[in-house]
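Undergrad: This is the structure I have questions about; it appears just below.
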Amino acid sequence: PQRDGERRYDNDRGPRRDGDRYDRGERGDRGQRAYPGRAGRPERAGRDREEERPPRVGAIPLTQAEYLEAPEIPEEVTYNQLDRTVRARLRTLSKDNAEDVGRHLIMAGNLLDIDPELAYRHAQVAAARGGRVDVVREAAALTAYATGRYAEALREFRTVRRLGGSNEHLPLMADCERGLGRPERALAIAQEPEARTLDKMGRIELEIVIAGARLDMGDADAARLILSRLETADAELRARIDHAMVDVLRALGRDEEADALEAAIPEPVEEVEEEDVVLYDTAELPDPDADEDADEDADDER
């Protein structure tokens, strides 16, 4: 889950749907994204006529007035690249539609960390064509979360929970409540009986969100106590805990400790994809010098 001190996605690349108006995300005083209320967009001349206009061919309707064009998918992206369990979930769709939705899901997953806004567009197309499948709504929720559309992400996570019965996204749901400026609701999610069913890593994720909610509410001491109790051997998760602790220490005015801890956090290691290497057995290749000598002998004989 997105927390204080971690990399956040810039939401300037796209608007967030909020009722009948669009609000662009801005960062609050605590580094958490906030969505200040703003008057609706000015009415355009002829807007009513635009709302009555039929959808364009090949477009996916979002509302009566706006339409989302399906982004292109490279030819090398095939349905067989999708995880087998996900393909099994898509069997409720027609074959052609399942393949189309599956390819958009692959693109959404591949682009989530590279271009979250484009990943969101792919997930929206998949949701428009297969919205009754839980894994499709899960992709819509994760991409909405990654782009800072917290209200939309929260709705989608609730739908995924209702369709699939899984509680694994409770930490993300709680963090969405934080993103919407409602830390008390994040604490309420953490107190649900279903939160006890999370695995160890899920519980740690939820505890980090709880600490952030406590910090949002001005109780930095409680946030420090929560984070100090967390233990894990996972390096990435340990780094998240330390980043959250840095923000807590700074809120407590313990800047020297915060600086020392921040300096000790290892930099994330980017995975480098290995390129395919083709090996040739040179012993089987003809000797170019021998071919030249044979050609010269043939010329001499002629």
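Labeling convention for the structure tokens: chains A, B, ... as they appear, residues from 1 per chain, ligands from 1 in order of appearance.
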List as a PDB file with N, CA, C and O atoms, in the first residue's frame the protein and nucleic acid residues near Ala174 of chain A, meaning an atom at most 8 Å away when only C-alpha atoms are counted, but skip any in the same chain fewer than 2 places from it.
TA:
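Saved as around32.pdb:
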```pdb
ATOM      1  N   LEU A 170      -7.767  -5.849   2.089  1.00  0.00           N
ATOM      2  CA  LEU A 170      -8.134  -4.974   3.198  1.00  0.00           C
ATOM      3  C   LEU A 170      -7.093  -3.887   3.471  1.00  0.00           C
ATOM      4  O   LEU A 170      -7.454  -2.737   3.739  1.00  0.00           O
ATOM      5  N   PRO A 171      -5.773  -4.196   3.421  1.00  0.00           N
ATOM      6  CA  PRO A 171      -4.792  -3.109   3.614  1.00  0.00           C
ATOM      7  C   PRO A 171      -4.923  -2.004   2.579  1.00  0.00           C
ATOM      8  O   PRO A 171      -4.811  -0.813   2.912  1.00  0.00           O
ATOM      9  N   LEU A 172      -5.173  -2.370   1.333  1.00  0.00           N
ATOM     10  CA  LEU A 172      -5.326  -1.357   0.295  1.00  0.00           C
ATOM     11  C   LEU A 172      -6.614  -0.566   0.481  1.00  0.00           C
ATOM     12  O   LEU A 172      -6.645   0.648   0.241  1.00  0.00           O
ATOM     13  N   CYS A 176      -6.850   3.406   0.981  1.00  0.00           N
ATOM     14  CA  CYS A 176      -7.718   4.280   0.184  1.00  0.00           C
ATOM     15  C   CYS A 176      -8.474   5.246   1.085  1.00  0.00           C
ATOM     16  O   CYS A 176      -8.661   6.421   0.728  1.00  0.00           O
ATOM     17  N   GLU A 177      -8.929   4.761   2.221  1.00  0.00           N
ATOM     18  CA  GLU A 177      -9.611   5.648   3.163  1.00  0.00           C
ATOM     19  C   GLU A 177      -8.659   6.736   3.639  1.00  0.00           C
ATOM     20  O   GLU A 177      -9.062   7.905   3.794  1.00  0.00           O
ATOM     21  N   ARG A 178      -7.422   6.414   3.857  1.00  0.00           N
ATOM     22  CA  ARG A 178      -6.421   7.435   4.209  1.00  0.00           C
ATOM     23  C   ARG A 178      -6.267   8.434   3.075  1.00  0.00           C
ATOM     24  O   ARG A 178      -6.193   9.645   3.305  1.00  0.00           O
ATOM     25  N   ARG A 185     -11.814   5.821   9.321  1.00  0.00           N
ATOM     26  CA  ARG A 185     -12.415   4.690   8.623  1.00  0.00           C
ATOM     27  C   ARG A 185     -11.364   3.624   8.324  1.00  0.00           C
ATOM     28  O   ARG A 185     -11.686   2.431   8.254  1.00  0.00           O
ATOM     29  N   ALA A 186     -10.136   4.051   8.125  1.00  0.00           N
ATOM     30  CA  ALA A 186      -9.060   3.081   7.943  1.00  0.00           C
ATOM     31  C   ALA A 186      -8.897   2.233   9.201  1.00  0.00           C
ATOM     32  O   ALA A 186      -8.699   1.008   9.129  1.00  0.00           O
ATOM     33  N   LEU A 187      -8.986   2.863  10.362  1.00  0.00           N
ATOM     34  CA  LEU A 187      -8.897   2.120  11.620  1.00  0.00           C
ATOM     35  C   LEU A 187     -10.085   1.180  11.775  1.00  0.00           C
ATOM     36  O   LEU A 187      -9.944   0.068  12.305  1.00  0.00           O
ATOM     37  N   ILE A 189     -11.673  -0.381   9.371  1.00  0.00           N
ATOM     38  CA  ILE A 189     -11.431  -1.547   8.518  1.00  0.00           C
ATOM     39  C   ILE A 189     -10.473  -2.512   9.216  1.00  0.00           C
ATOM     40  O   ILE A 189     -10.656  -3.734   9.173  1.00  0.00           O
ATOM     41  N   ALA A 190      -9.451  -1.966   9.873  1.00  0.00           N
ATOM     42  CA  ALA A 190      -8.484  -2.815  10.556  1.00  0.00           C
ATOM     43  C   ALA A 190      -9.095  -3.571  11.725  1.00  0.00           C
ATOM     44  O   ALA A 190      -8.567  -4.610  12.152  1.00  0.00           O
ATOM     45  N   LEU A 206      -1.228  -4.152   6.836  1.00  0.00           N
ATOM     46  CA  LEU A 206      -2.326  -3.447   7.483  1.00  0.00           C
ATOM     47  C   LEU A 206      -1.828  -2.633   8.674  1.00  0.00           C
ATOM     48  O   LEU A 206      -2.309  -1.512   8.909  1.00  0.00           O
ATOM     49  N   VAL A 209      -0.423   0.614   7.498  1.00  0.00           N
ATOM     50  CA  VAL A 209      -1.490   1.562   7.184  1.00  0.00           C
ATOM     51  C   VAL A 209      -2.080   2.145   8.459  1.00  0.00           C
ATOM     52  O   VAL A 209      -2.370   3.349   8.536  1.00  0.00           O
TER      53      VAL A 209
END
```
Undergrad: Would you pick out the contacts of segment 216-225 of chain A at 8 Å or less, using only C-alpha atoms, so that residues sharing its chain but fewer than 5 positions from it are not included, and give the list as a ChimeraX atom specification?
TA: /A:30,183,210-211,245,248-249,251-252
Undergrad: So that I can check the surroundings of segment 93-96 of chain A, please list as a PyMOL selection string every protein, DNA and RNA residue that reaches within 12 Å of it, counting only C-alpha atoms and ignoring chain neighbours fewer than 6 positions away.
TA: chain A and resi 79+87+102-103+126+129-133+136
Undergrad: Output N, CA, C and O atoms for every residue in that selection, as an mmCIF file, in the first residue's frame.
TA:
```
data_model
loop_
_atom_site.group_PDB
_atom_site.id
_atom_site.type_symbol
_atom_site.label_atom_id
_atom_site.label_comp_id
_atom_site.auth_asym_id
_atom_site.auth_seq_id
_atom_site.Cartn_x
_atom_site.Cartn_y
_atom_site.Cartn_z
ATOM 1 N N TYR A 79 -2.912 -14.205 -25.527
ATOM 2 C CA TYR A 79 -3.764 -14.642 -24.421
ATOM 3 C C TYR A 79 -3.099 -15.740 -23.601
ATOM 4 O O TYR A 79 -3.316 -15.840 -22.384
ATOM 5 N N ARG A 87 -7.064 -17.260 -16.593
ATOM 6 C CA ARG A 87 -7.787 -17.732 -17.776
ATOM 7 C C ARG A 87 -9.008 -18.560 -17.378
ATOM 8 O O ARG A 87 -10.047 -18.493 -18.039
ATOM 9 N N GLY A 102 -8.373 -10.663 -21.679
ATOM 10 C CA GLY A 102 -7.120 -11.171 -21.134
ATOM 11 C C GLY A 102 -5.908 -10.404 -21.608
ATOM 12 O O GLY A 102 -4.984 -10.138 -20.825
ATOM 13 N N ARG A 103 -5.873 -10.024 -22.865
ATOM 14 C CA ARG A 103 -4.739 -9.261 -23.385
ATOM 15 C C ARG A 103 -4.666 -7.876 -22.749
ATOM 16 O O ARG A 103 -3.581 -7.362 -22.461
ATOM 17 N N ALA A 126 -10.974 -3.557 -20.104
ATOM 18 C CA ALA A 126 -11.259 -4.922 -19.670
ATOM 19 C C ALA A 126 -12.505 -4.972 -18.792
ATOM 20 O O ALA A 126 -13.344 -5.875 -18.926
ATOM 21 N N ARG A 129 -15.731 -4.767 -20.710
ATOM 22 C CA ARG A 129 -16.077 -5.936 -21.514
ATOM 23 C C ARG A 129 -16.209 -7.211 -20.680
ATOM 24 O O ARG A 129 -16.710 -8.225 -21.197
ATOM 25 N N GLY A 130 -15.747 -7.183 -19.444
ATOM 26 C CA GLY A 130 -15.854 -8.381 -18.598
ATOM 27 C C GLY A 130 -15.971 -8.021 -17.138
ATOM 28 O O GLY A 130 -15.308 -8.614 -16.295
ATOM 29 N N GLY A 131 -16.812 -7.047 -16.830
ATOM 30 C CA GLY A 131 -16.896 -6.506 -15.481
ATOM 31 C C GLY A 131 -17.495 -7.425 -14.448
ATOM 32 O O GLY A 131 -17.428 -7.137 -13.249
ATOM 33 N N ARG A 132 -18.069 -8.555 -14.860
ATOM 34 C CA ARG A 132 -18.643 -9.474 -13.892
ATOM 35 C C ARG A 132 -17.642 -10.502 -13.388
ATOM 36 O O ARG A 132 -17.990 -11.375 -12.588
ATOM 37 N N VAL A 133 -16.392 -10.419 -13.836
ATOM 38 C CA VAL A 133 -15.340 -11.339 -13.414
ATOM 39 C C VAL A 133 -14.484 -10.651 -12.359
ATOM 40 O O VAL A 133 -14.037 -9.515 -12.559
ATOM 41 N N VAL A 136 -10.989 -9.248 -13.230
ATOM 42 C CA VAL A 136 -11.046 -8.040 -14.061
ATOM 43 C C VAL A 136 -11.287 -6.822 -13.187
ATOM 44 O O VAL A 136 -10.637 -5.785 -13.339
#
```
Undergrad: At a cut-off of 8 Å, using only C-alpha atoms, what residues contact Ile73 of chain A? Leave out same-chain residues fewer than 4 positions from it and give the result as a list in words.
TA: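 Returned residues: Val77, Arg103, His104 and Met107 of chain A.
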Undergrad: Those same residues, written as a PDB file, in the first residue's frame with all heavy atoms?
TA:
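Once written, result-v9.pdb looks like this:
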```pdb
ATOM      1  N   VAL A  77       1.774  -9.701 -27.630  1.00  0.00           N
ATOM      2  CA  VAL A  77       1.038  -9.995 -26.394  1.00  0.00           C
ATOM      3  C   VAL A  77      -0.103 -10.941 -26.748  1.00  0.00           C
ATOM      4  O   VAL A  77      -1.022 -10.576 -27.470  1.00  0.00           O
ATOM      5  CB  VAL A  77       0.490  -8.708 -25.749  1.00  0.00           C
ATOM      6  CG1 VAL A  77      -0.358  -9.033 -24.521  1.00  0.00           C
ATOM      7  CG2 VAL A  77       1.633  -7.785 -25.357  1.00  0.00           C
ATOM      8  N   ARG A 103      -5.873 -10.024 -22.865  1.00  0.00           N
ATOM      9  CA  ARG A 103      -4.739  -9.261 -23.385  1.00  0.00           C
ATOM     10  C   ARG A 103      -4.666  -7.876 -22.749  1.00  0.00           C
ATOM     11  O   ARG A 103      -3.581  -7.362 -22.461  1.00  0.00           O
ATOM     12  CB  ARG A 103      -4.836  -9.152 -24.905  1.00  0.00           C
ATOM     13  CG  ARG A 103      -4.706 -10.488 -25.626  1.00  0.00           C
ATOM     14  CD  ARG A 103      -4.848 -10.309 -27.116  1.00  0.00           C
ATOM     15  NE  ARG A 103      -3.677  -9.638 -27.671  1.00  0.00           N
ATOM     16  CZ  ARG A 103      -3.713  -8.862 -28.755  1.00  0.00           C
ATOM     17  NH1 ARG A 103      -4.867  -8.616 -29.356  1.00  0.00           N
ATOM     18  NH2 ARG A 103      -2.611  -8.298 -29.205  1.00  0.00           N
ATOM     19  N   HIS A 104      -5.831  -7.270 -22.509  1.00  0.00           N
ATOM     20  CA  HIS A 104      -5.825  -5.980 -21.813  1.00  0.00           C
ATOM     21  C   HIS A 104      -5.359  -6.142 -20.362  1.00  0.00           C
ATOM     22  O   HIS A 104      -4.679  -5.257 -19.824  1.00  0.00           O
ATOM     23  CB  HIS A 104      -7.214  -5.346 -21.854  1.00  0.00           C
ATOM     24  CG  HIS A 104      -7.540  -4.682 -23.157  1.00  0.00           C
ATOM     25  ND1 HIS A 104      -6.937  -3.492 -23.556  1.00  0.00           N
ATOM     26  CD2 HIS A 104      -8.390  -5.024 -24.150  1.00  0.00           C
ATOM     27  CE1 HIS A 104      -7.410  -3.137 -24.738  1.00  0.00           C
ATOM     28  NE2 HIS A 104      -8.294  -4.049 -25.121  1.00  0.00           N
ATOM     29  N   MET A 107      -1.572  -6.264 -20.405  1.00  0.00           N
ATOM     30  CA  MET A 107      -1.008  -4.931 -20.579  1.00  0.00           C
ATOM     31  C   MET A 107      -1.130  -4.118 -19.289  1.00  0.00           C
ATOM     32  O   MET A 107      -0.200  -3.388 -18.915  1.00  0.00           O
ATOM     33  CB  MET A 107      -1.727  -4.209 -21.718  1.00  0.00           C
ATOM     34  CG  MET A 107      -1.481  -4.805 -23.086  1.00  0.00           C
ATOM     35  SD  MET A 107       0.270  -4.776 -23.553  1.00  0.00           S
ATOM     36  CE  MET A 107       0.579  -3.002 -23.573  1.00  0.00           C
TER      37      MET A 107
END
```
Undergrad: Give me the residues near Leu112 of chain A as a list in words, where near means some atom within 10 Å (using only C-alpha atoms) and where sequence neighbours in that chain fewer than 3 positions away do not count.
TA: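 Surrounding residues, per the criterion: Met107, Ala108, Gly109, Asp115, Pro116, Glu117, Leu118, Ala119, Tyr120, Ala139, Leu142, Thr143, Ala146 and Thr147 of chain A.
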Undergrad: Go ahead and save the residues from that selection, with all heavy atoms, as an mmCIF file, in the first residue's frame.
TA:
```
data_model
loop_
_atom_site.group_PDB
_atom_site.id
_atom_site.type_symbol
_atom_site.label_atom_id
_atom_site.label_comp_id
_atom_site.auth_asym_id
_atom_site.auth_seq_id
_atom_site.Cartn_x
_atom_site.Cartn_y
_atom_site.Cartn_z
ATOM 1 N N MET A 107 -1.572 -6.264 -20.405
ATOM 2 C CA MET A 107 -1.008 -4.931 -20.579
ATOM 3 C C MET A 107 -1.130 -4.118 -19.289
ATOM 4 O O MET A 107 -0.200 -3.388 -18.915
ATOM 5 C CB MET A 107 -1.727 -4.209 -21.718
ATOM 6 C CG MET A 107 -1.481 -4.805 -23.086
ATOM 7 S SD MET A 107 0.270 -4.776 -23.553
ATOM 8 C CE MET A 107 0.579 -3.002 -23.573
ATOM 9 N N ALA A 108 -2.249 -4.237 -18.587
ATOM 10 C CA ALA A 108 -2.423 -3.501 -17.332
ATOM 11 C C ALA A 108 -1.378 -3.933 -16.310
ATOM 12 O O ALA A 108 -0.802 -3.102 -15.604
ATOM 13 C CB ALA A 108 -3.826 -3.719 -16.784
ATOM 14 N N GLY A 109 -1.119 -5.237 -16.232
ATOM 15 C CA GLY A 109 -0.118 -5.721 -15.285
ATOM 16 C C GLY A 109 1.289 -5.302 -15.662
ATOM 17 O O GLY A 109 2.091 -4.935 -14.795
ATOM 18 N N ASP A 115 3.827 2.854 -16.502
ATOM 19 C CA ASP A 115 2.887 3.897 -16.923
ATOM 20 C C ASP A 115 1.525 3.566 -16.315
ATOM 21 O O ASP A 115 0.661 2.983 -16.983
ATOM 22 C CB ASP A 115 2.809 3.957 -18.449
ATOM 23 C CG ASP A 115 2.023 5.166 -18.944
ATOM 24 O OD1 ASP A 115 1.306 5.795 -18.142
ATOM 25 O OD2 ASP A 115 2.118 5.486 -20.156
ATOM 26 N N PRO A 116 1.310 3.894 -15.042
ATOM 27 C CA PRO A 116 0.055 3.508 -14.378
ATOM 28 C C PRO A 116 -1.191 4.085 -15.033
ATOM 29 O O PRO A 116 -2.247 3.471 -14.991
ATOM 30 C CB PRO A 116 0.239 4.030 -12.941
ATOM 31 C CG PRO A 116 1.315 5.055 -13.021
ATOM 32 C CD PRO A 116 2.207 4.630 -14.134
ATOM 33 N N GLU A 117 -1.069 5.254 -15.649
ATOM 34 C CA GLU A 117 -2.247 5.843 -16.296
ATOM 35 C C GLU A 117 -2.678 5.015 -17.502
ATOM 36 O O GLU A 117 -3.872 4.780 -17.717
ATOM 37 C CB GLU A 117 -1.946 7.279 -16.717
ATOM 38 C CG GLU A 117 -3.166 8.071 -17.123
ATOM 39 C CD GLU A 117 -4.126 8.311 -15.966
ATOM 40 O OE1 GLU A 117 -3.668 8.492 -14.825
ATOM 41 O OE2 GLU A 117 -5.355 8.291 -16.218
ATOM 42 N N LEU A 118 -1.719 4.574 -18.293
ATOM 43 C CA LEU A 118 -2.048 3.722 -19.432
ATOM 44 C C LEU A 118 -2.535 2.359 -18.948
ATOM 45 O O LEU A 118 -3.444 1.767 -19.549
ATOM 46 C CB LEU A 118 -0.834 3.562 -20.347
ATOM 47 C CG LEU A 118 -1.040 2.753 -21.632
ATOM 48 C CD1 LEU A 118 -2.186 3.318 -22.454
ATOM 49 C CD2 LEU A 118 0.254 2.733 -22.447
ATOM 50 N N ALA A 119 -1.944 1.851 -17.878
ATOM 51 C CA ALA A 119 -2.421 0.594 -17.291
ATOM 52 C C ALA A 119 -3.875 0.731 -16.855
ATOM 53 O O ALA A 119 -4.683 -0.191 -17.033
ATOM 54 C CB ALA A 119 -1.541 0.210 -16.104
ATOM 55 N N TYR A 120 -4.219 1.894 -16.316
ATOM 56 C CA TYR A 120 -5.599 2.151 -15.897
ATOM 57 C C TYR A 120 -6.551 2.107 -17.091
ATOM 58 O O TYR A 120 -7.641 1.543 -17.006
ATOM 59 C CB TYR A 120 -5.658 3.509 -15.203
ATOM 60 C CG TYR A 120 -7.054 3.998 -14.892
ATOM 61 C CD1 TYR A 120 -7.749 3.528 -13.778
ATOM 62 C CD2 TYR A 120 -7.680 4.938 -15.716
ATOM 63 C CE1 TYR A 120 -9.033 3.971 -13.506
ATOM 64 C CE2 TYR A 120 -8.958 5.389 -15.437
ATOM 65 C CZ TYR A 120 -9.630 4.905 -14.334
ATOM 66 O OH TYR A 120 -10.897 5.343 -14.056
ATOM 67 N N ALA A 139 -8.116 -5.848 -11.354
ATOM 68 C CA ALA A 139 -7.200 -5.031 -12.154
ATOM 69 C C ALA A 139 -7.664 -3.585 -12.184
ATOM 70 O O ALA A 139 -6.848 -2.656 -12.090
ATOM 71 C CB ALA A 139 -7.107 -5.588 -13.576
ATOM 72 N N LEU A 142 -6.729 -2.074 -8.725
ATOM 73 C CA LEU A 142 -5.299 -1.842 -8.510
ATOM 74 C C LEU A 142 -4.784 -0.676 -9.349
ATOM 75 O O LEU A 142 -3.961 0.116 -8.878
ATOM 76 C CB LEU A 142 -4.520 -3.117 -8.834
ATOM 77 C CG LEU A 142 -4.743 -4.309 -7.892
ATOM 78 C CD1 LEU A 142 -4.047 -5.549 -8.418
ATOM 79 C CD2 LEU A 142 -4.259 -3.968 -6.478
ATOM 80 N N THR A 143 -5.240 -0.569 -10.579
ATOM 81 C CA THR A 143 -4.786 0.539 -11.417
ATOM 82 C C THR A 143 -5.382 1.866 -10.959
ATOM 83 O O THR A 143 -4.718 2.900 -11.037
ATOM 84 C CB THR A 143 -5.146 0.281 -12.889
ATOM 85 O OG1 THR A 143 -6.551 0.014 -13.010
ATOM 86 C CG2 THR A 143 -4.360 -0.910 -13.431
ATOM 87 N N ALA A 146 -3.278 2.834 -8.048
ATOM 88 C CA ALA A 146 -1.939 3.285 -8.448
ATOM 89 C C ALA A 146 -1.953 4.695 -9.010
ATOM 90 O O ALA A 146 -0.955 5.411 -8.933
ATOM 91 C CB ALA A 146 -1.352 2.320 -9.483
ATOM 92 N N THR A 147 -3.083 5.118 -9.586
ATOM 93 C CA THR A 147 -3.172 6.460 -10.158
ATOM 94 C C THR A 147 -3.797 7.466 -9.206
ATOM 95 O O THR A 147 -4.073 8.600 -9.592
ATOM 96 C CB THR A 147 -3.994 6.425 -11.466
ATOM 97 O OG1 THR A 147 -5.278 5.842 -11.215
ATOM 98 C CG2 THR A 147 -3.266 5.612 -12.526
#
```
Undergrad: Have a look at A:Glu72, A:Glu207, A:Asp175, A:Glu138 and name the one nearest to Val86 of chain A; count only C-alpha atoms.
TA: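 So, comparing all the options, the nearest one is A:Glu138.
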Undergrad: My list of candidates is A:Gln81, A:Ser228, A:Asn110, A:Asn97. Which is closest to Ile241 of chain A when distances are computed with only C-alpha atoms?
TA: A:Ser228
Undergrad: Write out as a PyMOL selection string all residues of segment 64-248 of chain A that backbone DSSP assigns to alpha helix (DSSP H).
TA: chain A and resi 84-89+95-111+116-130+134-146+150-164+170-179+183-190+200-216+220-228+235-248
